[in-house]
>>> print(open('coords25.txt').read())   # compact mmCIF, C-alpha atoms
# COMPACT_ATOMS: atom_id res chain seq x y z
CA MET A 1 54.15 101.58 11.54
CA ALA A 2 55.72 99.96 14.55
CA ASP A 3 52.80 97.49 14.77
CA GLY A 4 53.05 96.83 11.03
CA GLU A 5 56.74 96.13 11.24
CA LYS A 6 56.11 93.87 14.19
CA GLN A 7 53.47 91.88 12.30
CA THR A 8 55.69 91.72 9.26
CA GLN A 9 58.53 90.37 11.36
CA GLU A 10 56.24 87.76 12.95
CA TYR A 11 54.92 86.67 9.56
CA LYS A 12 58.47 86.46 8.23
CA ASP A 13 59.50 84.33 11.20
CA SER A 14 56.54 81.95 10.67
CA ILE A 15 57.36 81.64 6.98
CA GLU A 16 60.96 80.86 7.76
CA GLU A 17 59.92 78.22 10.29
CA GLU A 18 57.58 76.63 7.72
CA LEU A 19 60.36 76.69 5.12
CA ASP A 20 62.73 75.06 7.60
CA SER A 21 60.09 72.36 8.23
CA TYR A 22 59.71 71.73 4.49
CA GLN A 23 63.48 71.61 4.17
CA THR A 24 63.70 69.02 6.95
CA ASP A 25 60.96 66.89 5.27
CA ASN A 26 62.74 67.06 1.96
CA VAL A 27 65.96 65.89 3.57
CA THR A 28 64.14 62.98 5.20
CA ARG A 29 62.45 62.01 1.94
CA GLN A 30 65.70 62.21 0.03
CA SER A 31 67.28 59.94 2.61
CA ARG A 32 64.50 57.40 2.14
CA ILE A 33 64.83 57.61 -1.63
CA ASP A 34 68.54 56.96 -1.36
CA GLN A 35 67.91 53.94 0.88
CA ARG A 36 65.39 52.50 -1.59
CA GLN A 37 67.75 53.10 -4.46
CA ASN A 38 70.47 51.23 -2.59
CA GLY A 39 68.00 48.35 -1.93
CA LEU A 40 67.05 48.20 -5.61
CA THR A 41 70.66 48.16 -6.59
CA GLN A 42 71.43 45.28 -4.21
CA THR A 43 68.35 43.37 -5.45
CA SER A 44 69.40 43.85 -9.03
CA GLU A 45 72.87 42.53 -8.19
CA ARG A 46 71.37 39.47 -6.46
CA LEU A 47 69.07 38.82 -9.43
CA ASP A 48 71.98 39.07 -11.81
CA GLU A 49 73.90 36.60 -9.71
CA LEU A 50 70.89 34.24 -9.54
CA HIS A 51 70.40 34.49 -13.30
CA LYS A 52 74.03 33.58 -13.78
CA LYS A 53 73.67 30.53 -11.54
CA LEU A 54 70.49 29.48 -13.36
CA ALA A 55 72.25 29.76 -16.67
CA GLU A 56 75.04 27.56 -15.35
CA ARG A 57 72.47 24.99 -14.11
CA GLN A 58 70.69 25.04 -17.44
CA THR A 59 73.95 24.27 -19.13
CA ASP A 60 74.57 21.38 -16.74
CA LEU A 61 71.03 20.06 -17.35
CA ASN A 62 71.51 20.24 -21.08
CA ASP A 63 74.69 18.25 -20.71
CA LEU A 64 72.87 15.66 -18.57
CA LYS A 65 70.03 15.48 -21.07
CA THR A 66 72.46 14.87 -23.87
CA ALA A 67 74.18 12.15 -21.85
CA ILE A 68 70.83 10.51 -21.01
CA GLU A 69 69.78 10.52 -24.67
CA LYS A 70 73.04 8.83 -25.57
CA LEU A 71 72.45 6.22 -22.86
CA ASP A 72 68.90 5.65 -24.13
CA GLN A 73 70.21 5.13 -27.63
CA GLN A 74 72.80 2.71 -26.33
CA ALA A 75 70.11 0.88 -24.29
CA ALA A 76 67.84 0.64 -27.32
CA GLY A 77 70.71 -0.67 -29.39
CA LEU A 78 71.57 -3.23 -26.73
CA ALA A 79 67.92 -4.30 -26.50
CA LYS A 80 67.74 -4.80 -30.25
CA GLN A 81 71.03 -6.66 -30.18
CA ARG A 82 69.72 -8.82 -27.31
CA ILE A 83 66.52 -9.61 -29.20
CA ALA A 84 68.47 -10.41 -32.32
CA THR A 85 70.79 -12.68 -30.34
CA LEU A 86 67.82 -14.46 -28.71
CA GLN A 87 66.12 -14.95 -32.06
CA GLU A 88 69.36 -16.23 -33.59
CA ARG A 89 70.06 -18.70 -30.81
CA GLY A 90 66.46 -19.78 -30.29
CA ASN A 91 65.54 -19.94 -33.98
CA LEU A 92 62.28 -18.20 -32.99
CA SER A 93 60.83 -14.82 -33.93
CA ILE A 94 59.09 -12.47 -31.50
CA ASP A 95 55.67 -13.14 -33.01
CA GLN A 96 56.22 -16.86 -32.78
CA ALA A 97 57.32 -16.56 -29.16
CA LYS A 98 54.25 -14.47 -28.31
CA GLN A 99 52.00 -17.00 -30.03
CA GLN A 100 53.62 -19.85 -28.09
CA VAL A 101 53.06 -18.03 -24.81
CA LEU A 102 49.44 -17.29 -25.73
CA ASP A 103 48.86 -20.89 -26.80
CA GLN A 104 50.27 -22.24 -23.57
CA LEU A 105 48.21 -19.76 -21.57
CA LYS A 106 45.08 -20.70 -23.50
CA ILE A 107 45.68 -24.40 -22.89
CA ALA A 108 46.19 -23.76 -19.20
CA LEU A 109 43.06 -21.62 -18.97
CA ASP A 110 41.00 -24.19 -20.91
CA ARG A 111 42.19 -26.90 -18.56
CA GLU A 112 41.27 -24.83 -15.51
CA LYS A 113 37.93 -23.91 -17.09
CA ASP A 114 37.12 -27.56 -17.80
CA VAL A 115 37.99 -28.52 -14.26
CA GLU A 116 35.89 -25.68 -12.82
CA LEU A 117 32.95 -26.41 -15.12
CA LYS A 118 33.12 -30.11 -14.27
CA TYR A 119 33.11 -29.27 -10.58
CA GLN A 120 30.21 -26.85 -10.94
CA ASP A 121 28.28 -29.29 -13.14
CA ASP A 122 28.73 -32.11 -10.62
CA GLU A 123 27.71 -29.81 -7.78
CA ALA A 124 24.70 -28.53 -9.74
CA GLN A 125 23.56 -32.06 -10.56
CA VAL A 126 23.78 -33.02 -6.92
CA ASN A 127 22.13 -29.90 -5.54
CA ALA A 128 19.70 -29.09 -8.37
CA PRO A 129 16.86 -31.42 -7.28
CA LYS A 130 17.10 -30.24 -3.69
CA MET A 131 17.28 -26.55 -4.64
CA ALA A 132 14.43 -26.96 -7.13
CA LYS A 133 12.21 -28.52 -4.47
CA ILE A 134 13.10 -25.82 -1.97
CA MET A 135 12.41 -23.02 -4.42
CA ALA A 136 9.18 -24.60 -5.68
CA VAL A 137 7.88 -25.19 -2.15
CA ASP A 138 8.81 -21.67 -1.11
CA ALA A 139 7.14 -20.20 -4.19
CA ILE A 140 3.98 -22.23 -3.64
CA GLN A 141 3.85 -21.27 0.04
CA ARG A 142 4.24 -17.58 -0.83
CA ALA A 143 1.64 -17.81 -3.60
CA PRO A 144 -2.04 -17.03 -2.96
CA LEU A 145 -3.93 -19.57 -0.91
CA ASP A 146 -5.69 -22.28 -2.85
CA ILE A 147 -9.39 -21.62 -3.16
CA PRO A 148 -12.15 -23.96 -4.33
CA ARG A 149 -12.46 -24.00 -8.10
CA GLU A 150 -15.24 -21.94 -9.57
CA HIS A 151 -17.91 -24.17 -11.12
CA ILE A 152 -19.84 -22.80 -14.05
CA GLU A 153 -23.40 -23.98 -13.58
CA HIS A 154 -25.27 -25.34 -16.60
CA SER A 155 -28.74 -25.20 -15.13
CA ILE A 156 -31.27 -22.74 -13.72
CA GLN A 157 -33.82 -23.53 -11.02
CA ILE A 158 -37.28 -22.07 -11.65
CA SER A 159 -39.27 -21.24 -8.53
CA ASP A 160 -42.74 -22.54 -9.51
CA VAL A 161 -44.81 -23.97 -12.35
CA ASN A 162 -46.54 -20.68 -13.19
CA THR A 163 -43.22 -18.94 -13.75
CA LYS A 164 -42.13 -21.89 -15.87
CA GLN A 165 -45.26 -21.56 -18.04
CA LYS A 166 -44.61 -17.83 -18.54
CA LEU A 167 -41.03 -18.57 -19.49
CA VAL A 168 -41.99 -21.29 -21.94
CA GLY A 169 -44.84 -19.29 -23.42
CA ARG A 170 -47.61 -20.41 -25.71
CA GLU A 171 -46.46 -23.38 -27.80
CA SER A 172 -42.95 -22.85 -26.39
CA GLN A 173 -42.67 -19.58 -28.29
CA ASN A 174 -40.71 -17.66 -25.62
CA ILE A 175 -38.19 -20.34 -24.85
CA ARG A 176 -37.55 -21.02 -28.54
CA TYR A 177 -37.04 -17.29 -29.12
CA ILE A 178 -34.47 -17.23 -26.31
CA GLU A 179 -32.70 -20.17 -27.94
CA THR A 180 -32.66 -18.34 -31.27
CA LEU A 181 -31.19 -15.13 -29.82
CA THR A 182 -28.61 -16.77 -27.56
CA GLY A 183 -27.67 -19.77 -29.72
CA VAL A 184 -28.15 -22.38 -26.99
CA ASP A 185 -30.50 -25.29 -26.35
CA LEU A 186 -32.81 -25.09 -23.34
CA VAL A 187 -33.93 -28.46 -22.00
CA PHE A 188 -35.98 -29.17 -18.87
CA ASP A 189 -34.82 -31.95 -16.58
CA PRO A 190 -37.12 -34.96 -16.83
CA ASP A 191 -36.74 -35.67 -13.11
CA ASP A 192 -37.29 -32.06 -12.03
CA PRO A 193 -39.74 -30.15 -14.25
CA CYS A 194 -38.58 -26.79 -12.80
CA LEU A 195 -34.88 -27.37 -13.53
CA LEU A 196 -33.80 -25.87 -16.87
CA HIS A 197 -30.53 -27.02 -18.44
CA VAL A 198 -28.54 -24.70 -20.74
CA VAL A 199 -26.96 -26.96 -23.35
CA THR A 200 -24.07 -25.53 -25.42
CA GLN A 201 -20.35 -25.93 -25.88
CA ASP A 202 -19.79 -22.18 -25.90
CA PRO A 203 -19.36 -20.84 -22.33
CA LEU A 204 -20.06 -17.26 -23.43
CA ARG A 205 -23.37 -18.19 -25.04
CA ARG A 206 -24.24 -20.19 -21.93
CA GLU A 207 -23.47 -17.20 -19.71
CA VAL A 208 -25.62 -14.88 -21.85
CA ALA A 209 -28.51 -17.36 -21.79
CA LYS A 210 -28.26 -17.85 -18.01
CA THR A 211 -28.14 -14.11 -17.35
CA THR A 212 -31.05 -13.47 -19.70
CA ILE A 213 -33.27 -16.13 -18.12
CA SER A 214 -32.34 -15.08 -14.58
CA ASN A 215 -33.24 -11.45 -15.35
CA LEU A 216 -36.52 -12.51 -16.96
CA LEU A 217 -37.42 -14.58 -13.91
CA VAL A 218 -36.72 -11.58 -11.68
CA THR A 219 -38.71 -9.09 -13.75
CA LYS A 220 -41.50 -11.65 -14.48
CA GLN A 221 -42.20 -9.72 -17.69
CA ILE A 222 -41.65 -12.35 -20.35
CA ASN A 223 -42.49 -11.38 -23.90
CA THR A 224 -40.70 -10.84 -27.18
CA GLN A 225 -39.59 -7.30 -26.43
CA SER A 226 -38.45 -8.04 -22.88
CA ILE A 227 -36.54 -11.08 -24.10
CA GLU A 228 -34.71 -9.01 -26.72
CA HIS A 229 -34.01 -6.30 -24.15
CA GLN A 230 -32.64 -8.74 -21.57
CA VAL A 231 -30.49 -10.49 -24.18
CA ASP A 232 -28.98 -7.14 -25.18
CA ILE A 233 -28.30 -6.27 -21.55
CA ALA A 234 -26.75 -9.68 -20.86
CA GLN A 235 -24.51 -9.43 -23.93
CA GLN A 236 -23.33 -5.93 -23.04
CA ASP A 237 -22.72 -6.94 -19.42
CA LEU A 238 -20.72 -9.97 -20.56
CA GLY A 239 -18.56 -7.87 -22.91
CA ASN A 240 -17.85 -5.39 -20.11
CA GLU A 241 -17.18 -8.23 -17.69
CA LEU A 242 -14.59 -9.75 -20.05
CA ARG A 243 -12.74 -6.45 -20.27
CA ARG A 244 -12.96 -5.74 -16.52
CA THR A 245 -11.78 -9.24 -15.68
CA GLY A 246 -8.75 -8.90 -17.95
CA GLU A 247 -7.90 -5.46 -16.56
CA LYS A 248 -8.29 -6.68 -12.97
CA VAL A 249 -6.07 -9.71 -13.51
CA VAL A 250 -3.34 -7.77 -15.34
CA GLY A 251 -3.46 -4.99 -12.74
CA SER A 252 -3.22 -7.39 -9.80
CA LEU A 253 -0.21 -9.15 -11.33
CA HIS A 254 1.62 -5.85 -12.12
CA ILE A 255 2.82 -7.03 -15.54
CA GLY A 256 2.52 -3.70 -17.36
CA TRP A 257 0.48 -2.66 -20.35
CA MET A 258 -1.46 -5.20 -22.39
CA HIS A 259 -3.43 -4.75 -25.61
CA PRO A 260 -7.18 -4.20 -25.03
CA ASP A 261 -8.13 -7.08 -27.37
CA LEU A 262 -5.79 -9.38 -25.45
CA LEU A 263 -7.38 -8.23 -22.18
CA LYS A 264 -10.77 -9.42 -23.44
CA ILE A 265 -9.26 -12.74 -24.50
CA VAL A 266 -7.78 -13.11 -20.99
CA GLY A 267 -11.24 -12.37 -19.59
CA ARG A 268 -12.69 -15.22 -21.71
CA LEU A 269 -10.60 -17.66 -19.67
CA LYS A 270 -12.93 -17.00 -16.74
CA TYR A 271 -15.62 -19.03 -18.53
CA ARG A 272 -13.28 -21.78 -19.72
CA THR A 273 -12.51 -24.95 -17.80
CA SER A 274 -9.87 -27.61 -18.34
CA TYR A 275 -9.98 -30.93 -16.48
CA GLY A 276 -12.59 -29.42 -14.20
CA GLN A 277 -10.42 -26.44 -13.25
CA ASN A 278 -11.12 -22.82 -14.09
CA VAL A 279 -8.45 -21.79 -16.62
CA LEU A 280 -8.26 -18.16 -15.46
CA ASN A 281 -7.65 -19.14 -11.81
CA HIS A 282 -5.09 -21.68 -12.99
CA SER A 283 -3.32 -19.07 -15.17
CA VAL A 284 -3.19 -16.55 -12.33
CA GLU A 285 -1.67 -19.16 -10.00
CA VAL A 286 0.90 -20.12 -12.63
CA ALA A 287 1.75 -16.42 -13.12
CA ASP A 288 2.26 -15.93 -9.36
CA ILE A 289 4.46 -19.01 -9.03
CA SER A 290 6.44 -18.06 -12.16
CA GLY A 291 7.08 -14.60 -10.75
CA LEU A 292 8.24 -15.97 -7.41
CA LEU A 293 10.57 -18.49 -9.05
CA ALA A 294 11.96 -15.77 -11.33
CA ALA A 295 12.62 -13.57 -8.30
CA GLU A 296 14.50 -16.41 -6.61
CA LEU A 297 16.58 -17.00 -9.75
CA GLY A 298 17.28 -13.30 -10.37
CA LEU A 299 15.31 -13.19 -13.63
CA ASP A 300 12.77 -10.70 -15.01
CA VAL A 301 9.72 -11.10 -12.76
CA LYS A 302 7.38 -9.13 -15.02
CA ILE A 303 8.16 -11.25 -18.09
CA ALA A 304 7.84 -14.45 -16.06
CA LYS A 305 4.41 -13.43 -14.76
CA ARG A 306 3.25 -12.43 -18.23
CA ALA A 307 4.38 -15.79 -19.63
CA GLY A 308 2.66 -17.65 -16.80
CA LEU A 309 -0.60 -15.78 -17.35
CA LEU A 310 -0.61 -16.33 -21.11
CA HIS A 311 0.69 -19.93 -21.16
CA ASP A 312 -2.86 -21.28 -21.72
CA ILE A 313 -4.26 -18.30 -23.66
CA GLY A 314 -4.95 -20.56 -26.64
CA LYS A 315 -7.79 -22.21 -24.70
CA ALA A 316 -9.73 -18.94 -24.89
CA ILE A 317 -10.04 -19.16 -28.69
CA ASP A 318 -9.74 -22.89 -29.43
CA ARG A 319 -13.49 -23.10 -30.08
CA GLU A 320 -13.39 -20.41 -32.79
CA VAL A 321 -10.01 -21.15 -34.45
CA ASP A 322 -8.73 -24.57 -35.46
CA GLY A 323 -5.49 -25.79 -33.91
CA THR A 324 -4.02 -26.99 -30.65
CA THR A 325 -4.06 -24.66 -27.67
CA LEU A 326 -0.26 -24.48 -27.70
CA ASN A 327 -0.06 -23.49 -31.37
CA LEU A 328 -2.92 -21.03 -30.96
CA GLY A 329 -1.15 -19.39 -28.02
CA LEU A 330 2.08 -19.09 -30.03
CA ARG A 331 0.25 -17.76 -33.10
CA LEU A 332 -2.04 -15.43 -31.15
CA PRO A 333 -0.29 -12.14 -32.18
CA LYS A 334 -0.72 -13.09 -35.87
CA LEU A 335 -4.23 -14.43 -35.31
CA THR A 336 -5.55 -11.27 -33.63
CA THR A 337 -6.94 -9.84 -36.89
CA ARG A 338 -8.26 -13.21 -38.00
CA ILE A 339 -9.89 -13.86 -34.63
CA HIS A 340 -11.47 -10.44 -34.77
CA LYS A 341 -12.97 -11.23 -38.20
CA LEU A 342 -14.17 -14.66 -37.09
CA LEU A 343 -15.69 -13.58 -33.79
CA THR A 344 -17.22 -10.28 -34.91
CA PRO A 345 -20.22 -11.88 -36.71
CA LEU A 346 -20.79 -14.16 -33.72
CA LEU A 347 -20.55 -11.34 -31.21
CA LEU A 348 -22.70 -9.06 -33.34
CA THR A 349 -25.33 -11.80 -33.33
CA MET A 350 -24.99 -11.88 -29.55
CA GLY A 351 -25.00 -8.07 -29.39
CA MET A 352 -21.33 -7.68 -28.38
CA SER A 353 -18.27 -6.25 -30.10
CA MET A 354 -14.58 -7.09 -29.90
>>> encode(input="coords25.txt", output="structure tokens")
Amino acid sequence: MADGEKQTQEYKDSIEEELDSYQTDNVTRQSRIDQRQNGLTQTSERLDELHKKLAERQTDLNDLKTAIEKLDQQAAGLAKQRIATLQERGNLSIDQAKQQVLDQLKIALDREKDVELKYQDDEAQVNAPKMAKIMAVDAIQRAPLDIPREHIEHSIQISDVNTKQKLVGRESQNIRYIETLTGVDLVFDPDDPCLLHVVTQDPLRREVAKTTISNLLVTKQINTQSIEHQVDIAQQDLGNELRRTGEKVVGSLHIGWMHPDLLKIVGRLKYRTSYGQNVLNHSVEVADISGLLAAELGLDVKIAKRAGLLHDIGKAIDREVDGTTLNLGLRLPKLTTRIHKLLTPLLLTMGMSM
């Protein structure tokens, strides 16, 4: 019992100490709560005071705004009165005054423009020949080097008399058959019996005939079937060559896409001459120089090259369609269908197709 009382007393003492500790904490917390309450009260008082001052300022601002609006109204009234006074004394309305100012400004600008244009025109007339020569010389120097013109031969040299006899055939049967298929005239040179001249005004027919005869002389198999076979091969090769030539030229000039039919017409210029000069070489040179001049002048280089290449395109069809080369070149887009109809029978006879 004594031990139990002792333990009870100890437990009671510990409980009392813990209660005292809780009581001390509660006092501390209450003190902090009171301090915070005092702080909130002071803050509320300051906010009330600030709100009061703001309300007073708002009132002052409203008064200032009202005064400013009155001043604006007075200023607007004075401006209208000033304008009315100016119109009354000057006998001139606002629109009339604006128009007078604009007219005077326009006259002054026109005068300055005329002076500037006259100065630029005089300077251009003085410097134009010199600048044109400089630009032309620079363009020509930067263009491809001049190469000897490509001659289109009109004759074929036969190696010996025996080969000539095989080519001619019995009673000239072979050579007349070649003339029939190719549409050319084959005439031997009176001074050189082994020199065969291809007589025609059509460069494409001449090329087919030359290729056919050259292939026959190489194979040395000259008969009706071989002649027909070689003519077909020559015609197909020529058609492919026209297309490849056009594609090569357009690709080298970098002028963009071009219609396939127009590519073949460009390729025909390879077999066309004018004043002894190959028209295709001439057109390529003109395209290069046109592109260089356009680059110097800040113009469209691609369009300039295209125009230079096609400036003589009418010469490729002037033997099939009536008209001057200039008019044919200008009408070429409209003549494409007509040219196709006119040339198709001829090319079918030659074994080619547009």
>>> atom_distance(input="coords25.txt", atom1="CA of Thr200 (chain A)", atom2="CA of Ile178 (chain A)")
13.3 Å
>>> closest_residue(input="coords25.txt", among="A:Gly39, A:Gly77, A:Pro260, A:Pro203", to="Thr273 (chain A)", atoms="all atoms listed in the file")
A:Pro203
>>> closest_residue(input="coords25.txt", among="A:Lys80, A:Arg206, A:Lys166, A:Lys130", to="Glu179 (chain A)", atoms="all atoms listed in the file")
A:Arg206
>>> closest_residue(input="coords25.txt", among="A:Ser290, A:Gln201, A:Asn223, A:Asn278", to="Ala304 (chain A)", atoms="only C-alpha atoms")
A:Ser290
>>> axis_aligned_box(input="coords25.txt", around="region 177-186 of chain A", padding_each_side="6 Å", output="lines of an AutoDock Vina configuration file")
center_x = -32.4
center_y = -20.2
center_z = -27.3
size_x = 21.4
size_y = 22.2
size_z = 19.9
>>> closest_residue(input="coords25.txt", among="A:Leu280, A:Ile156, A:Val231, A:Leu216", to="Cys194 (chain A)", atoms="only C-alpha atoms")
A:Ile156
>>> atom_distance(input="coords25.txt", atom1="CA of Met135 (chain A)", atom2="CA of Glu123 (chain A)")
17.1 Å
>>> closest_residue(input="coords25.txt", among="A:Val126, A:Val168, A:Ile107, A:Val208", to="Glu241 (chain A)", atoms="all atoms listed in the file")
A:Val208
>>> atom_distance(input="coords25.txt", atom1="CA of Val198 (chain A)", atom2="CA of Gly183 (chain A)")
10.3 Å
>>> closest_residue(input="coords25.txt", among="A:Gly90, A:Gly239, A:Gly4, A:Gly298", to="Lys264 (chain A)", atoms="all atoms listed in the file")
A:Gly239
>>> residues_near_point(input="coords25.txt", point="(-11.4, -10.8, -21.2)", cutoff="8 Å", atoms="only C-alpha atoms", output="PDB file with C-alpha atoms, in the frame of the given file")
ATOM      1  CA  GLY A 239     -18.560  -7.870 -22.910  1.00  0.00           C
ATOM      2  CA  GLU A 241     -17.180  -8.230 -17.690  1.00  0.00           C
ATOM      3  CA  LEU A 242     -14.590  -9.750 -20.050  1.00  0.00           C
ATOM      4  CA  ARG A 243     -12.740  -6.450 -20.270  1.00  0.00           C
ATOM      5  CA  ARG A 244     -12.960  -5.740 -16.520  1.00  0.00           C
ATOM      6  CA  THR A 245     -11.780  -9.240 -15.680  1.00  0.00           C
ATOM      7  CA  GLY A 246      -8.750  -8.900 -17.950  1.00  0.00           C
ATOM      8  CA  GLU A 247      -7.900  -5.460 -16.560  1.00  0.00           C
ATOM      9  CA  ASP A 261      -8.130  -7.080 -27.370  1.00  0.00           C
ATOM     10  CA  LEU A 262      -5.790  -9.380 -25.450  1.00  0.00           C
ATOM     11  CA  LEU A 263      -7.380  -8.230 -22.180  1.00  0.00           C
ATOM     12  CA  LYS A 264     -10.770  -9.420 -23.440  1.00  0.00           C
ATOM     13  CA  ILE A 265      -9.260 -12.740 -24.500  1.00  0.00           C
ATOM     14  CA  VAL A 266      -7.780 -13.110 -20.990  1.00  0.00           C
ATOM     15  CA  GLY A 267     -11.240 -12.370 -19.590  1.00  0.00           C
ATOM     16  CA  ARG A 268     -12.690 -15.220 -21.710  1.00  0.00           C
ATOM     17  CA  LEU A 269     -10.600 -17.660 -19.670  1.00  0.00           C
ATOM     18  CA  LYS A 270     -12.930 -17.000 -16.740  1.00  0.00           C
TER      19      LYS A 270
END
>>> residues_around(input="coords25.txt", residues="Leu167 (chain A)", least_positions_apart="3", cutoff="12 Å", atoms="all atoms listed in the file", output="PyMOL selection string")
chain A and resi 158-164+170-179+186+188+194+196+212-224+226-227
>>> build_atoms(input="coords25.txt", residues="region 173-186 of chain A", atoms="N, CA and C atoms", output="compact mmCIF listing (two decimals), keeping the file's coordinate frame")
# COMPACT_ATOMS: atom_id res chain seq x y z
N GLN A 173 -43.14 -20.68 -27.44
CA GLN A 173 -42.67 -19.58 -28.29
C GLN A 173 -41.55 -18.78 -27.62
N ASN A 174 -41.72 -18.47 -26.31
CA ASN A 174 -40.71 -17.66 -25.62
C ASN A 174 -39.38 -18.38 -25.50
N ILE A 175 -39.44 -19.63 -25.09
CA ILE A 175 -38.19 -20.34 -24.85
C ILE A 175 -37.46 -20.61 -26.16
N ARG A 176 -38.19 -20.83 -27.25
CA ARG A 176 -37.55 -21.02 -28.54
C ARG A 176 -36.94 -19.70 -29.04
N TYR A 177 -37.58 -18.59 -28.72
CA TYR A 177 -37.04 -17.29 -29.12
C TYR A 177 -35.74 -17.00 -28.36
N ILE A 178 -35.72 -17.38 -27.09
CA ILE A 178 -34.47 -17.23 -26.31
C ILE A 178 -33.37 -18.08 -26.92
N GLU A 179 -33.70 -19.31 -27.32
CA GLU A 179 -32.70 -20.17 -27.94
C GLU A 179 -32.19 -19.55 -29.24
N THR A 180 -33.07 -18.95 -29.99
CA THR A 180 -32.66 -18.34 -31.27
C THR A 180 -31.71 -17.17 -31.04
N LEU A 181 -32.01 -16.32 -30.05
CA LEU A 181 -31.19 -15.13 -29.82
C LEU A 181 -29.85 -15.47 -29.17
N THR A 182 -29.84 -16.46 -28.30
CA THR A 182 -28.61 -16.77 -27.56
C THR A 182 -27.79 -17.87 -28.20
N GLY A 183 -28.41 -18.70 -29.09
CA GLY A 183 -27.67 -19.77 -29.72
C GLY A 183 -27.41 -20.96 -28.83
N VAL A 184 -28.29 -21.24 -27.88
CA VAL A 184 -28.15 -22.38 -26.99
C VAL A 184 -29.41 -23.23 -27.09
N ASP A 185 -29.34 -24.42 -26.48
CA ASP A 185 -30.50 -25.29 -26.35
C ASP A 185 -30.94 -25.30 -24.90
N LEU A 186 -32.24 -25.11 -24.69
CA LEU A 186 -32.81 -25.09 -23.34
C LEU A 186 -33.66 -26.33 -23.16
